[in-house]
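Peer 1: Right, I'll just put the structure down here and ask away after.
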Amino acid sequence: MTGTTTLTLGGLLAALLVLVANLHPWYRGGREMKQLAAFGKGFAAAACAAACPGGILGWAHTHAGGIANGAGQQAGSAATGTTAASSLTSGQLTGLSATGAVVVVVAVALAVLAYKAAGKADKRRIVGGFFVGSVLLLTAGVAGALSWLPAALNGAGSGVVSAVQGSGLL
């Protein structure tokens with residue numbers, strides 16, 4: 001699969017199927033927020049990766065779209081007999097700086113550590129959250145709703161750098 005910054009209806013279908021598969025047990029159960037924690041960790045890691053203009057995290061983000069487009073088009077065609085190749089309006093998160101990149105790497109590392117410590121079901125939920133987040137962040141609507149994220153990551157990174165350098169502490 002090649003990386004993509006354009007999502008098709010098939011890719012949206014794939015992301016929605018994974019999202020529904022993760023929300024259904026929560027809805028049928030006690031509807032406690034802790035049931036969504038693993039999925040949320042994966043989604044948060046994907047949001048951080050979506051802010052990356054390149055590197056392994058940016059690569060993973062764009063390749064999730066290509067995988068979703070292919071799988072969703074195949075599923076939609078097999079289920080309905082119609083094609084789902086129409087493109088959606090694309091969007092992306094931009095403006096990540098070097099200080100924000102520090103926060104992104106730490107946040108993704110925390111998600112990886114959560115994945116390593118999780119049970120089998122929660123591992124699937126974390127991966128599902130990353131997949132859904134990466135795919136949906138290729139759309140203009142979700143990327144627009146989270147357009148504040150790169151600035152927040154940059155601000156948090158600048159705060160960490162200032163604290164480490166001792167700025168304003170003494």
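In the structure tokens, each chain is lettered A, B, ... as it comes, each chain's residues begin at 1, and ligands are numbered from 1 in order of appearance.
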Name the residues in contact with segment 146-148 of chain A at a cut-off of 10 Å, using only C-alpha atoms, excluding same-chain residues fewer than 2 positions from it; report them as a PyMOL selection string.
Peer 2: chain A and resi 47+51+91-95+137+140-144+150-153
Peer 1: Store the residues of this selection in a file with N, CA, C and O atoms, as a PDB file, in the first residue's frame.
Peer 2:
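Just written: again.pdb:
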ATOM      1  N   ALA A  47      -3.758  11.034  16.588  1.00  0.00           N
ATOM      2  CA  ALA A  47      -3.859  12.486  16.439  1.00  0.00           C
ATOM      3  C   ALA A  47      -2.478  13.123  16.520  1.00  0.00           C
ATOM      4  O   ALA A  47      -2.163  14.037  15.753  1.00  0.00           O
ATOM      5  N   ALA A  51      -0.152  14.999  13.251  1.00  0.00           N
ATOM      6  CA  ALA A  51       0.476  16.325  13.269  1.00  0.00           C
ATOM      7  C   ALA A  51       1.891  16.283  12.702  1.00  0.00           C
ATOM      8  O   ALA A  51       2.455  17.320  12.373  1.00  0.00           O
ATOM      9  N   GLY A  91      -8.032  16.920   4.600  1.00  0.00           N
ATOM     10  CA  GLY A  91      -7.524  17.903   5.549  1.00  0.00           C
ATOM     11  C   GLY A  91      -6.297  17.332   6.232  1.00  0.00           C
ATOM     12  O   GLY A  91      -6.030  16.130   6.152  1.00  0.00           O
ATOM     13  N   GLN A  92      -5.547  18.198   6.879  1.00  0.00           N
ATOM     14  CA  GLN A  92      -4.375  17.724   7.614  1.00  0.00           C
ATOM     15  C   GLN A  92      -4.038  18.697   8.718  1.00  0.00           C
ATOM     16  O   GLN A  92      -4.432  19.861   8.685  1.00  0.00           O
ATOM     17  N   LEU A  93      -3.328  18.202   9.706  1.00  0.00           N
ATOM     18  CA  LEU A  93      -2.841  19.038  10.791  1.00  0.00           C
ATOM     19  C   LEU A  93      -1.460  19.540  10.401  1.00  0.00           C
ATOM     20  O   LEU A  93      -0.620  18.767   9.967  1.00  0.00           O
ATOM     21  N   THR A  94      -1.216  20.835  10.544  1.00  0.00           N
ATOM     22  CA  THR A  94       0.073  21.403  10.163  1.00  0.00           C
ATOM     23  C   THR A  94       0.579  22.322  11.268  1.00  0.00           C
ATOM     24  O   THR A  94      -0.196  22.821  12.086  1.00  0.00           O
ATOM     25  N   GLY A  95       1.871  22.549  11.257  1.00  0.00           N
ATOM     26  CA  GLY A  95       2.468  23.519  12.163  1.00  0.00           C
ATOM     27  C   GLY A  95       3.235  22.948  13.323  1.00  0.00           C
ATOM     28  O   GLY A  95       3.569  23.674  14.254  1.00  0.00           O
ATOM     29  N   LEU A 137      -8.572  11.564  10.515  1.00  0.00           N
ATOM     30  CA  LEU A 137      -7.804  12.800  10.471  1.00  0.00           C
ATOM     31  C   LEU A 137      -7.325  13.142   9.062  1.00  0.00           C
ATOM     32  O   LEU A 137      -6.703  14.175   8.860  1.00  0.00           O
ATOM     33  N   ALA A 140     -11.313  16.694   6.104  1.00  0.00           N
ATOM     34  CA  ALA A 140     -11.289  18.116   6.454  1.00  0.00           C
ATOM     35  C   ALA A 140     -12.036  18.394   7.750  1.00  0.00           C
ATOM     36  O   ALA A 140     -11.610  19.237   8.539  1.00  0.00           O
ATOM     37  N   GLY A 141     -13.111  17.678   8.000  1.00  0.00           N
ATOM     38  CA  GLY A 141     -13.915  17.932   9.197  1.00  0.00           C
ATOM     39  C   GLY A 141     -13.187  17.602  10.484  1.00  0.00           C
ATOM     40  O   GLY A 141     -13.126  18.415  11.408  1.00  0.00           O
ATOM     41  N   VAL A 142     -12.630  16.405  10.575  1.00  0.00           N
ATOM     42  CA  VAL A 142     -11.950  15.992  11.801  1.00  0.00           C
ATOM     43  C   VAL A 142     -10.632  16.744  11.960  1.00  0.00           C
ATOM     44  O   VAL A 142     -10.300  17.194  13.055  1.00  0.00           O
ATOM     45  N   ALA A 143      -9.897  16.912  10.870  1.00  0.00           N
ATOM     46  CA  ALA A 143      -8.644  17.676  10.943  1.00  0.00           C
ATOM     47  C   ALA A 143      -8.942  19.126  11.321  1.00  0.00           C
ATOM     48  O   ALA A 143      -8.185  19.729  12.102  1.00  0.00           O
ATOM     49  N   GLY A 144     -10.018  19.679  10.820  1.00  0.00           N
ATOM     50  CA  GLY A 144     -10.393  21.038  11.186  1.00  0.00           C
ATOM     51  C   GLY A 144     -10.787  21.151  12.645  1.00  0.00           C
ATOM     52  O   GLY A 144     -10.466  22.132  13.315  1.00  0.00           O
ATOM     53  N   PRO A 150      -1.662  20.955  16.939  1.00  0.00           N
ATOM     54  CA  PRO A 150      -0.233  21.243  16.774  1.00  0.00           C
ATOM     55  C   PRO A 150       0.244  22.421  17.636  1.00  0.00           C
ATOM     56  O   PRO A 150       1.326  22.364  18.225  1.00  0.00           O
ATOM     57  N   ALA A 151      -0.570  23.462  17.740  1.00  0.00           N
ATOM     58  CA  ALA A 151      -0.186  24.605  18.578  1.00  0.00           C
ATOM     59  C   ALA A 151      -0.116  24.200  20.050  1.00  0.00           C
ATOM     60  O   ALA A 151       0.786  24.639  20.783  1.00  0.00           O
ATOM     61  N   ALA A 152      -1.041  23.349  20.488  1.00  0.00           N
ATOM     62  CA  ALA A 152      -1.014  22.879  21.872  1.00  0.00           C
ATOM     63  C   ALA A 152       0.213  22.008  22.133  1.00  0.00           C
ATOM     64  O   ALA A 152       0.858  22.124  23.188  1.00  0.00           O
ATOM     65  N   LEU A 153       0.546  21.146  21.180  1.00  0.00           N
ATOM     66  CA  LEU A 153       1.742  20.311  21.319  1.00  0.00           C
ATOM     67  C   LEU A 153       3.001  21.177  21.341  1.00  0.00           C
ATOM     68  O   LEU A 153       3.912  20.944  22.146  1.00  0.00           O
TER      69      LEU A 153
END
Peer 1: If we count only C-alpha atoms and set the cut-off at 9 Å, which residues sit around Thr89 of chain A, ignoring sequence neighbours fewer than 3 positions away in its own chain? Please answer as JSON, numbers by chain.
Peer 2: {"A": [6, 7, 8, 138, 139, 140, 141]}
Peer 1: Can you write out the residues you just picked, keeping all heavy atoms, as a PDB file, in the first residue's frame?
Peer 2:
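Result went into out-v4.pdb, see below:
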ATOM      1  N   THR A   6      -5.592  11.473   0.793  1.00  0.00           N
ATOM      2  CA  THR A   6      -6.972  11.574   0.352  1.00  0.00           C
ATOM      3  C   THR A   6      -7.726  10.323   0.790  1.00  0.00           C
ATOM      4  O   THR A   6      -7.282   9.215   0.563  1.00  0.00           O
ATOM      5  CB  THR A   6      -7.046  11.704  -1.181  1.00  0.00           C
ATOM      6  OG1 THR A   6      -6.276  12.832  -1.573  1.00  0.00           O
ATOM      7  CG2 THR A   6      -8.468  11.888  -1.648  1.00  0.00           C
ATOM      8  N   LEU A   7      -8.847  10.531   1.402  1.00  0.00           N
ATOM      9  CA  LEU A   7      -9.674   9.430   1.858  1.00  0.00           C
ATOM     10  C   LEU A   7     -10.852   9.266   0.910  1.00  0.00           C
ATOM     11  O   LEU A   7     -11.433  10.250   0.440  1.00  0.00           O
ATOM     12  CB  LEU A   7     -10.177   9.711   3.273  1.00  0.00           C
ATOM     13  CG  LEU A   7     -10.900   8.575   3.975  1.00  0.00           C
ATOM     14  CD1 LEU A   7      -9.937   7.423   4.247  1.00  0.00           C
ATOM     15  CD2 LEU A   7     -11.501   9.059   5.278  1.00  0.00           C
ATOM     16  N   THR A   8     -11.207   8.025   0.619  1.00  0.00           N
ATOM     17  CA  THR A   8     -12.364   7.744  -0.220  1.00  0.00           C
ATOM     18  C   THR A   8     -13.529   7.307   0.667  1.00  0.00           C
ATOM     19  O   THR A   8     -13.367   7.104   1.870  1.00  0.00           O
ATOM     20  CB  THR A   8     -12.058   6.623  -1.230  1.00  0.00           C
ATOM     21  OG1 THR A   8     -11.791   5.411  -0.504  1.00  0.00           O
ATOM     22  CG2 THR A   8     -10.877   6.982  -2.114  1.00  0.00           C
ATOM     23  N   LEU A 138      -7.627  12.311   8.100  1.00  0.00           N
ATOM     24  CA  LEU A 138      -7.378  12.658   6.703  1.00  0.00           C
ATOM     25  C   LEU A 138      -8.523  13.485   6.124  1.00  0.00           C
ATOM     26  O   LEU A 138      -8.420  13.990   5.021  1.00  0.00           O
ATOM     27  CB  LEU A 138      -7.184  11.390   5.860  1.00  0.00           C
ATOM     28  CG  LEU A 138      -5.918  10.591   6.131  1.00  0.00           C
ATOM     29  CD1 LEU A 138      -5.953   9.270   5.383  1.00  0.00           C
ATOM     30  CD2 LEU A 138      -4.683  11.387   5.753  1.00  0.00           C
ATOM     31  N   THR A 139      -9.631  13.606   6.862  1.00  0.00           N
ATOM     32  CA  THR A 139     -10.785  14.364   6.383  1.00  0.00           C
ATOM     33  C   THR A 139     -10.708  15.807   6.859  1.00  0.00           C
ATOM     34  O   THR A 139     -10.120  16.102   7.897  1.00  0.00           O
ATOM     35  CB  THR A 139     -12.102  13.749   6.882  1.00  0.00           C
ATOM     36  OG1 THR A 139     -12.166  13.865   8.300  1.00  0.00           O
ATOM     37  CG2 THR A 139     -12.227  12.296   6.468  1.00  0.00           C
ATOM     38  N   ALA A 140     -11.313  16.694   6.104  1.00  0.00           N
ATOM     39  CA  ALA A 140     -11.289  18.116   6.454  1.00  0.00           C
ATOM     40  C   ALA A 140     -12.036  18.394   7.750  1.00  0.00           C
ATOM     41  O   ALA A 140     -11.610  19.237   8.539  1.00  0.00           O
ATOM     42  CB  ALA A 140     -11.891  18.929   5.315  1.00  0.00           C
ATOM     43  N   GLY A 141     -13.111  17.678   8.000  1.00  0.00           N
ATOM     44  CA  GLY A 141     -13.915  17.932   9.197  1.00  0.00           C
ATOM     45  C   GLY A 141     -13.187  17.602  10.484  1.00  0.00           C
ATOM     46  O   GLY A 141     -13.126  18.415  11.408  1.00  0.00           O
TER      47      GLY A 141
END
Peer 1: Of the candidates A:Ala50, A:Leu16, A:Gly10, A:Asn22, which shows the shortest atom-to-atom distance to Ala78 of chain A, using only C-alpha atoms?
Peer 2: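 Checking each candidate against Ala78 of chain A, we get A:Gly10 as the closest.
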Peer 1: Residues within 8 Å of Val132 of chain A, please, as a PyMOL selection string. Count only C-alpha atoms; anything in the same chain fewer than 5 positions from it doesn't count.
Peer 2: chain A and resi 15-16+18-19+43
Peer 1: What does the structure give for the distance between atom CA of Ser86 of chain A and atom CA of Ala64 of chain A, in Å to one decimal?
Peer 2: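 Computing it gives 17.5 Å between the two atoms.
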Peer 1: Determine which residues of chain A DSSP labels as helix (DSSP H, G or I) from the backbone of this structure, then write them out as number ranges by chain.
Peer 2: A: 9-28, 33-50, 55-80, 98-117, 120-136, 140-145, 149-165
Peer 1: Emit the selected residues as a tab-separated table (two decimals), in the first residue's frame, including C-alpha atoms.
Peer 2:
chain	number	residue	atom	x	y	z
A	9	LEU	CA	-15.84	6.65	0.80
A	10	GLY	CA	-14.44	3.13	1.07
A	11	GLY	CA	-11.80	4.34	3.53
A	12	LEU	CA	-14.49	6.10	5.54
A	13	LEU	CA	-16.50	2.86	5.54
A	14	ALA	CA	-13.53	0.90	6.90
A	15	ALA	CA	-12.95	3.45	9.68
A	16	LEU	CA	-16.64	3.52	10.58
A	17	LEU	CA	-16.78	-0.28	10.77
A	18	VAL	CA	-13.85	-0.35	13.19
A	19	LEU	CA	-15.37	2.53	15.18
A	20	VAL	CA	-18.73	0.76	15.46
A	21	ALA	CA	-17.01	-2.49	16.45
A	22	ASN	CA	-15.35	-0.62	19.33
A	23	LEU	CA	-18.39	1.41	20.41
A	24	HIS	CA	-20.91	-1.44	20.27
A	25	PRO	CA	-19.65	-3.32	23.38
A	26	TRP	CA	-19.49	-0.02	25.28
A	27	TYR	CA	-23.05	0.87	24.26
A	28	ARG	CA	-24.43	-2.57	25.11
A	33	MET	CA	-15.87	5.80	30.07
A	34	LYS	CA	-13.11	3.46	31.24
A	35	GLN	CA	-14.37	0.96	28.65
A	36	LEU	CA	-13.29	3.41	25.94
A	37	ALA	CA	-9.87	4.18	27.46
A	38	ALA	CA	-7.87	1.78	25.29
A	39	PHE	CA	-9.54	3.01	22.10
A	40	GLY	CA	-8.94	6.61	23.22
A	41	LYS	CA	-5.24	5.97	23.77
A	42	GLY	CA	-4.89	4.73	20.21
A	43	PHE	CA	-6.93	7.64	18.85
A	44	ALA	CA	-4.79	10.16	20.79
A	45	ALA	CA	-1.59	8.58	19.46
A	46	ALA	CA	-3.01	8.82	15.94
A	47	ALA	CA	-3.86	12.49	16.44
A	48	CYS	CA	-0.27	13.13	17.51
A	49	ALA	CA	1.03	11.16	14.53
A	50	ALA	CA	-1.24	13.10	12.19
A	55	GLY	CA	9.06	10.46	9.86
A	56	ILE	CA	7.78	7.08	10.93
A	57	LEU	CA	4.72	8.57	12.62
A	58	GLY	CA	3.72	10.60	9.56
A	59	TRP	CA	4.36	7.53	7.42
A	60	ALA	CA	2.10	5.37	9.62
A	61	HIS	CA	-0.62	8.03	9.50
A	62	THR	CA	-0.68	8.32	5.71
A	63	HIS	CA	-0.41	4.57	5.14
A	64	ALA	CA	-3.44	3.92	7.33
A	65	GLY	CA	-5.45	5.90	4.78
A	66	GLY	CA	-4.25	3.74	1.90
A	67	ILE	CA	-5.08	0.56	3.80
A	68	ALA	CA	-8.51	1.90	4.73
A	69	ASN	CA	-9.26	2.96	1.16
A	70	GLY	CA	-8.41	-0.48	-0.23
A	71	ALA	CA	-10.17	-2.49	2.48
A	72	GLY	CA	-13.24	-0.27	2.54
A	73	GLN	CA	-13.65	-0.27	-1.22
A	74	GLN	CA	-13.41	-4.05	-1.24
A	75	ALA	CA	-15.89	-4.43	1.63
A	76	GLY	CA	-18.33	-1.91	0.16
A	77	SER	CA	-18.18	-3.47	-3.28
A	78	ALA	CA	-18.60	-7.01	-1.94
A	79	ALA	CA	-21.50	-6.05	0.33
A	80	THR	CA	-23.44	-3.72	-1.93
A	98	ALA	CA	10.70	20.73	17.05
A	99	THR	CA	9.51	21.37	20.62
A	100	GLY	CA	6.08	19.93	19.81
A	101	ALA	CA	7.75	16.89	18.27
A	102	VAL	CA	9.23	16.05	21.69
A	103	VAL	CA	5.73	15.90	23.16
A	104	VAL	CA	4.45	13.83	20.23
A	105	VAL	CA	7.17	11.22	20.66
A	106	VAL	CA	6.52	10.98	24.41
A	107	ALA	CA	2.75	10.70	23.87
A	108	VAL	CA	3.14	7.96	21.27
A	109	ALA	CA	5.68	6.18	23.49
A	110	LEU	CA	3.10	6.19	26.30
A	111	ALA	CA	0.55	4.63	23.93
A	112	VAL	CA	3.10	1.97	22.94
A	113	LEU	CA	3.79	1.21	26.60
A	114	ALA	CA	0.04	0.95	27.24
A	115	TYR	CA	-0.19	-1.43	24.28
A	116	LYS	CA	2.61	-3.62	25.64
A	117	ALA	CA	0.95	-3.81	29.07
A	120	LYS	CA	-5.43	-9.09	24.04
A	121	ALA	CA	-8.76	-7.24	23.77
A	122	ASP	CA	-7.31	-3.88	24.79
A	123	LYS	CA	-4.43	-4.30	22.34
A	124	ARG	CA	-6.98	-4.63	19.55
A	125	ARG	CA	-8.80	-1.55	20.83
A	126	ILE	CA	-5.60	0.52	20.91
A	127	VAL	CA	-4.77	-0.49	17.34
A	128	GLY	CA	-8.37	0.18	16.33
A	129	GLY	CA	-8.22	3.63	17.88
A	130	PHE	CA	-5.01	4.41	16.04
A	131	PHE	CA	-6.49	3.20	12.76
A	132	VAL	CA	-9.74	5.15	13.14
A	133	GLY	CA	-7.90	8.28	14.28
A	134	SER	CA	-5.42	8.16	11.43
A	135	VAL	CA	-8.11	7.60	8.84
A	136	LEU	CA	-10.56	10.21	10.12
A	140	ALA	CA	-11.29	18.12	6.45
A	141	GLY	CA	-13.91	17.93	9.20
A	142	VAL	CA	-11.95	15.99	11.80
A	143	ALA	CA	-8.64	17.68	10.94
A	144	GLY	CA	-10.39	21.04	11.19
A	145	ALA	CA	-11.90	20.16	14.56
A	149	LEU	CA	-3.60	20.35	18.39
A	150	PRO	CA	-0.23	21.24	16.77
A	151	ALA	CA	-0.19	24.60	18.58
A	152	ALA	CA	-1.01	22.88	21.87
A	153	LEU	CA	1.74	20.31	21.32
A	154	ASN	CA	4.19	23.10	20.45
A	155	GLY	CA	3.20	25.04	23.59
A	156	ALA	CA	3.58	22.00	25.81
A	157	GLY	CA	6.97	21.26	24.26
A	158	SER	CA	8.11	24.84	24.76
A	159	GLY	CA	7.04	24.60	28.40
A	160	VAL	CA	9.06	21.42	28.87
A	161	VAL	CA	12.12	22.98	27.23
A	162	SER	CA	11.78	26.12	29.37
A	163	ALA	CA	11.48	24.06	32.55
A	164	VAL	CA	14.52	21.94	31.68
A	165	GLN	CA	16.56	25.03	30.84
Peer 1: To one decimal in Å, tell me the separation between atom CA of Pro53 of chain A and atom CA of Ala84 of chain A.
Peer 2: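 Here the two named atoms are 27.6 Å from each other.
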Peer 1: Run DSSP on the backbone and tell me which residues of chain A come out as strand (DSSP E or B); list them as a ChimeraX atom specification.
Peer 2: /A:8,87,90,139
